[in-house]
$ cat entry_2.txt   # compact mmCIF, C-alpha atoms
# COMPACT_ATOMS: atom_id res chain seq x y z
CA MET A 1377 14.60 -4.89 -15.90
CA ILE A 1378 12.79 -1.93 -17.43
CA SER A 1379 14.67 1.36 -17.32
CA SER A 1380 13.32 4.32 -15.41
CA ALA A 1381 13.32 6.40 -18.61
CA ILE A 1382 10.86 3.97 -20.21
CA VAL A 1383 8.68 3.93 -17.10
CA ASP A 1384 8.70 7.73 -16.97
CA ARG A 1385 7.88 8.06 -20.68
CA TYR A 1386 4.79 5.85 -20.47
CA ALA A 1387 3.65 7.34 -17.16
CA ARG A 1388 3.91 10.86 -18.55
CA ALA A 1389 2.00 9.88 -21.70
CA ILE A 1390 -0.85 8.42 -19.61
CA PHE A 1391 -0.68 11.45 -17.30
CA GLU A 1392 -1.03 13.86 -20.24
CA LEU A 1393 -3.95 11.81 -21.59
CA GLY A 1394 -5.65 12.09 -18.20
CA VAL A 1395 -5.06 15.84 -18.03
CA GLU A 1396 -6.34 16.38 -21.60
CA THR A 1397 -9.51 14.37 -20.98
CA GLY A 1398 -10.08 15.79 -17.49
CA GLN A 1399 -10.07 12.27 -16.04
CA LEU A 1400 -6.65 12.18 -14.39
CA SER A 1401 -7.73 10.86 -11.00
CA GLN A 1402 -10.01 8.18 -12.48
CA LEU A 1403 -7.41 7.12 -15.04
CA THR A 1404 -4.71 6.94 -12.37
CA GLU A 1405 -6.86 4.75 -10.11
CA GLN A 1406 -7.87 2.50 -13.00
CA VAL A 1407 -4.28 1.98 -14.13
CA ARG A 1408 -3.29 1.27 -10.51
CA SER A 1409 -6.13 -1.24 -10.28
CA PHE A 1410 -5.03 -3.12 -13.39
CA ALA A 1411 -1.38 -2.97 -12.28
CA ALA A 1412 -2.31 -4.55 -8.93
CA VAL A 1413 -4.12 -7.39 -10.69
CA PHE A 1414 -1.21 -7.82 -13.09
CA ALA A 1415 1.36 -7.88 -10.28
CA SER A 1416 -0.65 -10.36 -8.19
CA SER A 1417 -1.48 -12.83 -10.98
CA LYS A 1418 1.36 -15.05 -12.11
CA GLU A 1419 -0.89 -16.62 -14.76
CA LEU A 1420 -1.77 -13.24 -16.26
CA ARG A 1421 1.89 -12.23 -16.39
CA MET A 1422 2.80 -15.50 -18.08
CA VAL A 1423 0.11 -15.11 -20.76
CA ALA A 1424 0.68 -11.39 -21.28
CA GLU A 1425 4.45 -11.68 -21.62
CA ASN A 1426 4.55 -14.91 -23.64
CA PRO A 1427 5.52 -14.17 -27.26
CA LEU A 1428 3.86 -17.44 -28.36
CA VAL A 1429 0.40 -16.16 -27.37
CA PRO A 1430 -1.16 -14.56 -30.47
CA GLU A 1431 -1.51 -10.77 -30.25
CA ASP A 1432 -5.29 -10.84 -30.78
CA GLN A 1433 -5.77 -13.37 -27.94
CA ARG A 1434 -3.61 -11.31 -25.58
CA ASP A 1435 -5.52 -8.18 -26.54
CA GLY A 1436 -8.84 -9.94 -25.92
CA ILE A 1437 -7.71 -11.14 -22.50
CA LEU A 1438 -6.61 -7.63 -21.51
CA LYS A 1439 -9.92 -6.14 -22.71
CA GLU A 1440 -11.87 -8.76 -20.77
CA ILE A 1441 -9.94 -8.15 -17.55
CA GLY A 1442 -10.28 -4.40 -18.03
CA SER A 1443 -14.03 -4.62 -18.48
CA ARG A 1444 -14.39 -6.90 -15.42
CA LEU A 1445 -12.46 -4.33 -13.38
CA GLY A 1446 -14.74 -1.60 -14.69
CA LEU A 1447 -11.94 0.29 -16.40
CA GLY A 1448 -12.63 3.09 -18.83
CA GLU A 1449 -11.58 3.13 -22.46
CA HIS A 1450 -8.45 5.22 -21.84
CA ALA A 1451 -7.14 2.90 -19.11
CA ILE A 1452 -7.75 -0.23 -21.18
CA ASN A 1453 -6.11 1.34 -24.23
CA SER A 1454 -3.10 2.41 -22.15
CA VAL A 1455 -2.61 -1.16 -20.96
CA ARG A 1456 -3.08 -2.47 -24.50
CA VAL A 1457 -0.39 -0.09 -25.81
CA LEU A 1458 2.05 -1.34 -23.18
CA ALA A 1459 1.24 -4.94 -24.17
CA ALA A 1460 1.61 -4.27 -27.88
CA ARG A 1461 5.04 -2.76 -27.28
CA ARG A 1462 6.12 -5.61 -24.99
CA ARG A 1463 6.34 -3.28 -21.98
CA LEU A 1464 3.62 -4.79 -19.81
CA ALA A 1465 6.21 -5.87 -17.24
CA ALA A 1466 6.71 -2.17 -16.53
CA LEU A 1467 3.02 -1.63 -15.68
CA PRO A 1468 3.39 -1.69 -11.86
CA ASP A 1469 6.23 0.87 -12.04
CA VAL A 1470 4.31 2.96 -14.58
CA ALA A 1471 1.27 2.98 -12.27
CA LYS A 1472 3.43 4.06 -9.33
CA ARG A 1473 5.06 6.87 -11.32
CA LEU A 1474 1.68 7.94 -12.72
CA GLY A 1475 0.37 8.15 -9.17
CA SER A 1476 3.23 10.38 -8.09
CA LEU A 1477 2.71 12.66 -11.12
CA ALA A 1478 -1.02 12.91 -10.35
CA ASP A 1479 -0.29 13.63 -6.68
CA GLU A 1480 2.20 16.32 -7.65
CA LYS A 1481 -0.33 18.00 -9.94
CA ALA A 1482 -3.01 17.85 -7.23
CA GLY A 1483 -0.63 19.24 -4.58
CA VAL A 1484 -0.78 16.05 -2.55
CA VAL A 1485 2.05 14.55 -0.51
CA ARG A 1486 1.90 10.99 0.78
CA ALA A 1487 3.16 10.19 4.25
CA LYS A 1488 3.71 6.64 5.47
CA VAL A 1489 3.14 6.28 9.19
CA THR A 1490 4.30 3.04 10.77
CA SER A 1491 3.24 2.42 14.36
CA ALA A 1492 3.84 -0.37 16.84
CA ALA A 1493 0.11 -0.69 17.51
CA PRO A 1494 -3.10 0.72 15.99
CA LEU A 1495 -3.56 4.41 16.72
CA SER A 1496 -6.70 6.48 17.12
CA GLU A 1497 -8.26 8.28 14.19
CA ASP A 1498 -7.79 11.53 16.11
CA PHE A 1499 -4.01 11.01 16.13
CA TYR A 1500 -3.94 10.64 12.33
CA VAL A 1501 -6.11 13.73 11.84
CA LYS A 1502 -3.85 15.86 14.06
CA LEU A 1503 -0.70 14.48 12.42
CA ALA A 1504 -2.07 15.24 8.96
CA GLN A 1505 -2.91 18.80 10.03
CA LYS A 1506 0.61 19.37 11.39
CA LEU A 1507 2.25 17.92 8.29
CA GLU A 1508 0.01 20.02 6.04
CA ALA A 1509 1.04 23.13 7.98
CA LYS A 1510 4.73 22.28 7.46
CA THR A 1511 4.53 21.25 3.79
CA LEU A 1512 1.74 23.63 2.69
CA LYS A 1513 0.28 20.70 0.74
CA LYS A 1514 -2.52 18.22 1.33
CA VAL A 1515 -1.16 15.18 3.15
CA VAL A 1516 -2.54 11.67 2.64
CA ILE A 1517 -1.45 9.25 5.33
CA GLU A 1518 -0.83 5.59 4.56
CA ARG A 1519 -0.99 3.52 7.73
CA GLU A 1520 1.11 0.50 8.62
CA HIS A 1521 1.75 -1.50 11.79
CA ASP A 1522 5.08 -3.00 12.85
CA PRO A 1523 5.19 -4.52 16.36
CA SER A 1524 9.01 -4.63 16.22
CA LEU A 1525 9.02 -0.85 16.83
CA ILE A 1526 8.06 -1.66 20.45
CA SER A 1527 6.26 1.71 20.80
CA GLY A 1528 6.01 5.04 19.01
CA VAL A 1529 5.77 5.86 15.31
CA VAL A 1530 7.99 6.29 12.28
CA THR A 1531 6.80 8.85 9.73
CA LYS A 1532 8.18 8.96 6.19
CA LEU A 1533 7.34 12.01 4.14
CA GLY A 1534 9.11 11.98 0.80
CA ASP A 1535 12.82 11.54 1.50
CA ASN A 1536 12.48 12.57 5.15
CA THR A 1537 12.07 10.07 7.98
CA ILE A 1538 11.07 11.04 11.49
CA ASP A 1539 11.77 8.11 13.80
CA GLY A 1540 9.88 8.48 17.07
CA SER A 1541 9.93 4.80 17.90
CA LEU A 1542 11.48 3.17 20.94
CA LYS A 1543 13.37 0.80 18.66
CA GLY A 1544 14.92 3.78 16.83
CA ARG A 1545 15.92 5.44 20.10
CA LEU A 1546 17.49 2.23 21.39
CA GLN A 1547 19.46 1.87 18.15
CA ALA A 1548 20.66 5.50 18.41
CA LEU A 1549 21.71 4.89 22.02
CA GLU A 1550 23.57 1.74 20.98
CA ARG A 1551 25.44 3.65 18.23
CA SER A 1552 26.42 6.42 20.63
CA LEU A 1553 27.69 3.91 23.21
CA LEU A 1554 29.73 2.07 20.59
CA GLN A 1555 31.41 5.32 19.51
CA VAL A 1556 32.83 5.93 23.00
$ encode --input "entry_2.txt" --output "structure tokens"
Amino acid sequence: MISSAIVDRYARAIFELGVETGQLSQLTEQVRSFAAVFASSKELRMVAENPLVPEDQRDGILKEIGSRLGLGEHAINSVRVLAARRRLAALPDVAKRLGSLADEKAGVVRAKVTSAAPLSEDFYVKLAQKLEAKTLKKVVIEREHDPSLISGVVTKLGDNTIDGSLKGRLQALERSLLQV
């Protein structure tokens, strides 16, 4: 397991590179893109983390994947540095932390809205407006569906959770009845 200090150190280094070059949003998306490929490909992880694979072959594979993904020079070099220092396993966590640093700099907050069924676009627009009014930041909503909620929505904004689902209300009722 890679420590959070290591993840933070690499994410901040890539973040500072993005700020210096004026390409923070592109660099963040490109690192996220490579991290998604890395996390989803068992074969890539095996080759990239295998100490028996020669360094120049590993480097060539990473460059090739980066170019196929359309990554810029800074993103490819960031991934190559992680590989050279045997920290490529931390890439998904580094990408996640880099995303949160970029969001923080841009004044963006991410909200995860889980609903029992698909909701109208108008609902999401109004919800985003209300959350922006409360947080005084731009809110980006990530949508998810969970039929087990029965009805309603659960909104997670940072460490805060607003449970407006029927399942949540039934669980609260059950807890209150058990306390009697």
$ atom_distance --input "entry_2.txt" --atom1 "CA of Val1485 (chain A)" --atom2 "CA of Phe1410 (chain A)"
23.0 Å
$ residues_around --input "entry_2.txt" --residues "Gln1402 (chain A)" --least-positions-apart "3" --cutoff "10 Å" --atoms "all atoms listed in the file" --output "NGL selection string"
:A and (1394 or 1398-1399 or 1405-1408 or 1447-1448 or 1450-1451)
$ atom_distance --input "entry_2.txt" --atom1 "CA of Ile1378 (chain A)" --atom2 "CA of Glu1440 (chain A)"
25.8 Å
$ atom_distance --input "entry_2.txt" --atom1 "CA of Ile1437 (chain A)" --atom2 "CA of Arg1456 (chain A)"
10.0 Å
$ residues_around --input "entry_2.txt" --residues "Ile1382 (chain A)" --least-positions-apart "5" --cutoff "12 Å" --atoms "only C-alpha atoms" --output "list in words"
Met1377, Ala1387, Arg1388, Ala1389, Leu1458, Arg1461, Arg1462, Arg1463, Leu1464, Ala1465, Ala1466, Leu1467, Asp1469, Val1470 and Arg1473 of chain A
$ write_last_selection --input "entry_2.txt" --atoms "C-alpha atoms" --output "PDB file, in the coordinates of the input"
ATOM      1  CA  MET A1377      14.600  -4.890 -15.900  1.00  0.00           C
ATOM      2  CA  ALA A1387       3.650   7.340 -17.160  1.00  0.00           C
ATOM      3  CA  ARG A1388       3.910  10.860 -18.550  1.00  0.00           C
ATOM      4  CA  ALA A1389       2.000   9.880 -21.700  1.00  0.00           C
ATOM      5  CA  LEU A1458       2.050  -1.340 -23.180  1.00  0.00           C
ATOM      6  CA  ARG A1461       5.040  -2.760 -27.280  1.00  0.00           C
ATOM      7  CA  ARG A1462       6.120  -5.610 -24.990  1.00  0.00           C
ATOM      8  CA  ARG A1463       6.340  -3.280 -21.980  1.00  0.00           C
ATOM      9  CA  LEU A1464       3.620  -4.790 -19.810  1.00  0.00           C
ATOM     10  CA  ALA A1465       6.210  -5.870 -17.240  1.00  0.00           C
ATOM     11  CA  ALA A1466       6.710  -2.170 -16.530  1.00  0.00           C
ATOM     12  CA  LEU A1467       3.020  -1.630 -15.680  1.00  0.00           C
ATOM     13  CA  ASP A1469       6.230   0.870 -12.040  1.00  0.00           C
ATOM     14  CA  VAL A1470       4.310   2.960 -14.580  1.00  0.00           C
ATOM     15  CA  ARG A1473       5.060   6.870 -11.320  1.00  0.00           C
TER      16      ARG A1473
END
$ closest_residue --input "entry_2.txt" --among "A:Asp1432, A:Ser1491, A:Thr1511, A:Ala1471" --to "Ala1415 (chain A)" --atoms "all atoms listed in the file"
A:Ala1471
$ residues_around --input "entry_2.txt" --residues "Arg1434 (chain A)" --least-positions-apart "3" --cutoff "10 Å" --atoms "all atoms listed in the file" --output "PDB file with C-alpha atoms, in the frame of the given file"
ATOM      1  CA  LEU A1420      -1.770 -13.240 -16.260  1.00  0.00           C
ATOM      2  CA  VAL A1423       0.110 -15.110 -20.760  1.00  0.00           C
ATOM      3  CA  ALA A1424       0.680 -11.390 -21.280  1.00  0.00           C
ATOM      4  CA  GLU A1425       4.450 -11.680 -21.620  1.00  0.00           C
ATOM      5  CA  ASN A1426       4.550 -14.910 -23.640  1.00  0.00           C
ATOM      6  CA  PRO A1427       5.520 -14.170 -27.260  1.00  0.00           C
ATOM      7  CA  VAL A1429       0.400 -16.160 -27.370  1.00  0.00           C
ATOM      8  CA  PRO A1430      -1.160 -14.560 -30.470  1.00  0.00           C
ATOM      9  CA  GLU A1431      -1.510 -10.770 -30.250  1.00  0.00           C
ATOM     10  CA  ILE A1437      -7.710 -11.140 -22.500  1.00  0.00           C
ATOM     11  CA  LEU A1438      -6.610  -7.630 -21.510  1.00  0.00           C
ATOM     12  CA  LYS A1439      -9.920  -6.140 -22.710  1.00  0.00           C
ATOM     13  CA  GLU A1440     -11.870  -8.760 -20.770  1.00  0.00           C
ATOM     14  CA  ARG A1456      -3.080  -2.470 -24.500  1.00  0.00           C
ATOM     15  CA  ALA A1459       1.240  -4.940 -24.170  1.00  0.00           C
ATOM     16  CA  ALA A1460       1.610  -4.270 -27.880  1.00  0.00           C
TER      17      ALA A1460
END
$ closest_residue --input "entry_2.txt" --among "A:Ser1454, A:Ser1443, A:Ile1526, A:Val1484" --to "Glu1508 (chain A)" --atoms "all atoms listed in the file"
A:Val1484
$ closest_atom_pairs --input "entry_2.txt" --of "region 1423-1515 of chain A" --to "region 1532-1556 of chain A" --cutoff "7 Å" --atoms "only C-alpha atoms" --output "Markdown table"
| residue | atom | partner | partner_atom | distance |
| --- | --- | --- | --- | --- |
| A:Arg1486 | CA | A:Leu1533 | CA | 6.5 |
| A:Ala1487 | CA | A:Leu1533 | CA | 4.6 |
| A:Lys1488 | CA | A:Lys1532 | CA | 5.1 |
| A:Val1489 | CA | A:Lys1532 | CA | 6.4 |
$ residues_around --input "entry_2.txt" --residues "Ala1478 (chain A)" --least-positions-apart "4" --cutoff "7 Å" --atoms "only C-alpha atoms" --output "PyMOL selection string"
chain A and resi 1400+1474+1482
$ build_atoms --input "entry_2.txt" --residues "region 1447-1458 of chain A" --atoms "all heavy atoms" --output "mmCIF file, in the frame of the given file"
data_model
loop_
_atom_site.group_PDB
_atom_site.id
_atom_site.type_symbol
_atom_site.label_atom_id
_atom_site.label_comp_id
_atom_site.auth_asym_id
_atom_site.auth_seq_id
_atom_site.Cartn_x
_atom_site.Cartn_y
_atom_site.Cartn_z
ATOM 1 N N LEU A 1447 -12.831 -0.753 -15.912
ATOM 2 C CA LEU A 1447 -11.940 0.290 -16.400
ATOM 3 C C LEU A 1447 -12.550 1.019 -17.577
ATOM 4 O O LEU A 1447 -13.286 0.441 -18.379
ATOM 5 C CB LEU A 1447 -10.595 -0.315 -16.836
ATOM 6 C CG LEU A 1447 -9.819 -1.134 -15.813
ATOM 7 C CD1 LEU A 1447 -8.461 -1.507 -16.367
ATOM 8 C CD2 LEU A 1447 -9.674 -0.397 -14.503
ATOM 9 N N GLY A 1448 -12.196 2.285 -17.699
ATOM 10 C CA GLY A 1448 -12.630 3.090 -18.830
ATOM 11 C C GLY A 1448 -11.798 2.799 -20.064
ATOM 12 O O GLY A 1448 -10.771 2.109 -20.014
ATOM 13 N N GLU A 1449 -12.231 3.356 -21.167
ATOM 14 C CA GLU A 1449 -11.580 3.130 -22.460
ATOM 15 C C GLU A 1449 -10.112 3.566 -22.446
ATOM 16 O O GLU A 1449 -9.254 2.855 -22.974
ATOM 17 C CB GLU A 1449 -12.350 3.903 -23.536
ATOM 18 C CG GLU A 1449 -11.777 3.771 -24.913
ATOM 19 C CD GLU A 1449 -12.518 4.614 -25.933
ATOM 20 O OE1 GLU A 1449 -13.539 5.231 -25.580
ATOM 21 O OE2 GLU A 1449 -12.048 4.661 -27.080
ATOM 22 N N HIS A 1450 -9.826 4.712 -21.842
ATOM 23 C CA HIS A 1450 -8.450 5.220 -21.840
ATOM 24 C C HIS A 1450 -7.509 4.313 -21.043
ATOM 25 O O HIS A 1450 -6.364 4.090 -21.437
ATOM 26 C CB HIS A 1450 -8.389 6.643 -21.296
ATOM 27 C CG HIS A 1450 -9.142 7.630 -22.134
ATOM 28 N ND1 HIS A 1450 -8.860 7.838 -23.474
ATOM 29 C CD2 HIS A 1450 -10.160 8.463 -21.839
ATOM 30 C CE1 HIS A 1450 -9.679 8.751 -23.952
ATOM 31 N NE2 HIS A 1450 -10.486 9.157 -22.980
ATOM 32 N N ALA A 1451 -7.980 3.793 -19.928
ATOM 33 C CA ALA A 1451 -7.140 2.900 -19.110
ATOM 34 C C ALA A 1451 -6.880 1.603 -19.855
ATOM 35 O O ALA A 1451 -5.738 1.120 -19.892
ATOM 36 C CB ALA A 1451 -7.805 2.634 -17.769
ATOM 37 N N ILE A 1452 -7.921 1.019 -20.433
ATOM 38 C CA ILE A 1452 -7.750 -0.230 -21.180
ATOM 39 C C ILE A 1452 -6.798 -0.025 -22.355
ATOM 40 O O ILE A 1452 -5.893 -0.835 -22.595
ATOM 41 C CB ILE A 1452 -9.108 -0.782 -21.655
ATOM 42 C CG1 ILE A 1452 -9.942 -1.234 -20.451
ATOM 43 C CG2 ILE A 1452 -8.916 -1.948 -22.630
ATOM 44 C CD1 ILE A 1452 -11.371 -1.618 -20.778
ATOM 45 N N ASN A 1453 -6.984 1.070 -23.081
ATOM 46 C CA ASN A 1453 -6.110 1.340 -24.230
ATOM 47 C C ASN A 1453 -4.669 1.573 -23.800
ATOM 48 O O ASN A 1453 -3.734 1.181 -24.507
ATOM 49 C CB ASN A 1453 -6.639 2.514 -25.045
ATOM 50 C CG ASN A 1453 -7.884 2.147 -25.829
ATOM 51 O OD1 ASN A 1453 -8.169 0.976 -26.064
ATOM 52 N ND2 ASN A 1453 -8.647 3.148 -26.210
ATOM 53 N N SER A 1454 -4.469 2.196 -22.648
ATOM 54 C CA SER A 1454 -3.100 2.410 -22.150
ATOM 55 C C SER A 1454 -2.424 1.079 -21.867
ATOM 56 O O SER A 1454 -1.263 0.870 -22.230
ATOM 57 C CB SER A 1454 -3.130 3.260 -20.874
ATOM 58 O OG SER A 1454 -3.648 4.535 -21.135
ATOM 59 N N VAL A 1455 -3.148 0.168 -21.249
ATOM 60 C CA VAL A 1455 -2.610 -1.160 -20.960
ATOM 61 C C VAL A 1455 -2.338 -1.912 -22.257
ATOM 62 O O VAL A 1455 -1.309 -2.582 -22.409
ATOM 63 C CB VAL A 1455 -3.571 -1.951 -20.041
ATOM 64 C CG1 VAL A 1455 -3.144 -3.402 -19.911
ATOM 65 C CG2 VAL A 1455 -3.659 -1.294 -18.672
ATOM 66 N N ARG A 1456 -3.243 -1.782 -23.213
ATOM 67 C CA ARG A 1456 -3.080 -2.470 -24.500
ATOM 68 C C ARG A 1456 -1.848 -1.952 -25.249
ATOM 69 O O ARG A 1456 -1.146 -2.727 -25.906
ATOM 70 C CB ARG A 1456 -4.331 -2.295 -25.351
ATOM 71 C CG ARG A 1456 -5.515 -3.086 -24.793
ATOM 72 C CD ARG A 1456 -6.809 -2.828 -25.529
ATOM 73 N NE ARG A 1456 -6.672 -3.177 -26.934
ATOM 74 C CZ ARG A 1456 -7.326 -2.547 -27.909
ATOM 75 N NH1 ARG A 1456 -8.135 -1.539 -27.642
ATOM 76 N NH2 ARG A 1456 -7.167 -2.936 -29.150
ATOM 77 N N VAL A 1457 -1.582 -0.654 -25.163
ATOM 78 C CA VAL A 1457 -0.390 -0.090 -25.810
ATOM 79 C C VAL A 1457 0.869 -0.676 -25.179
ATOM 80 O O VAL A 1457 1.813 -1.064 -25.879
ATOM 81 C CB VAL A 1457 -0.384 1.453 -25.733
ATOM 82 C CG1 VAL A 1457 0.979 2.023 -26.084
ATOM 83 C CG2 VAL A 1457 -1.453 2.032 -26.650
ATOM 84 N N LEU A 1458 0.890 -0.746 -23.858
ATOM 85 C CA LEU A 1458 2.050 -1.340 -23.180
ATOM 86 C C LEU A 1458 2.243 -2.789 -23.617
ATOM 87 O O LEU A 1458 3.373 -3.228 -23.860
ATOM 88 C CB LEU A 1458 1.863 -1.277 -21.661
ATOM 89 C CG LEU A 1458 2.089 0.083 -21.017
ATOM 90 C CD1 LEU A 1458 1.569 0.086 -19.586
ATOM 91 C CD2 LEU A 1458 3.551 0.457 -21.045
#
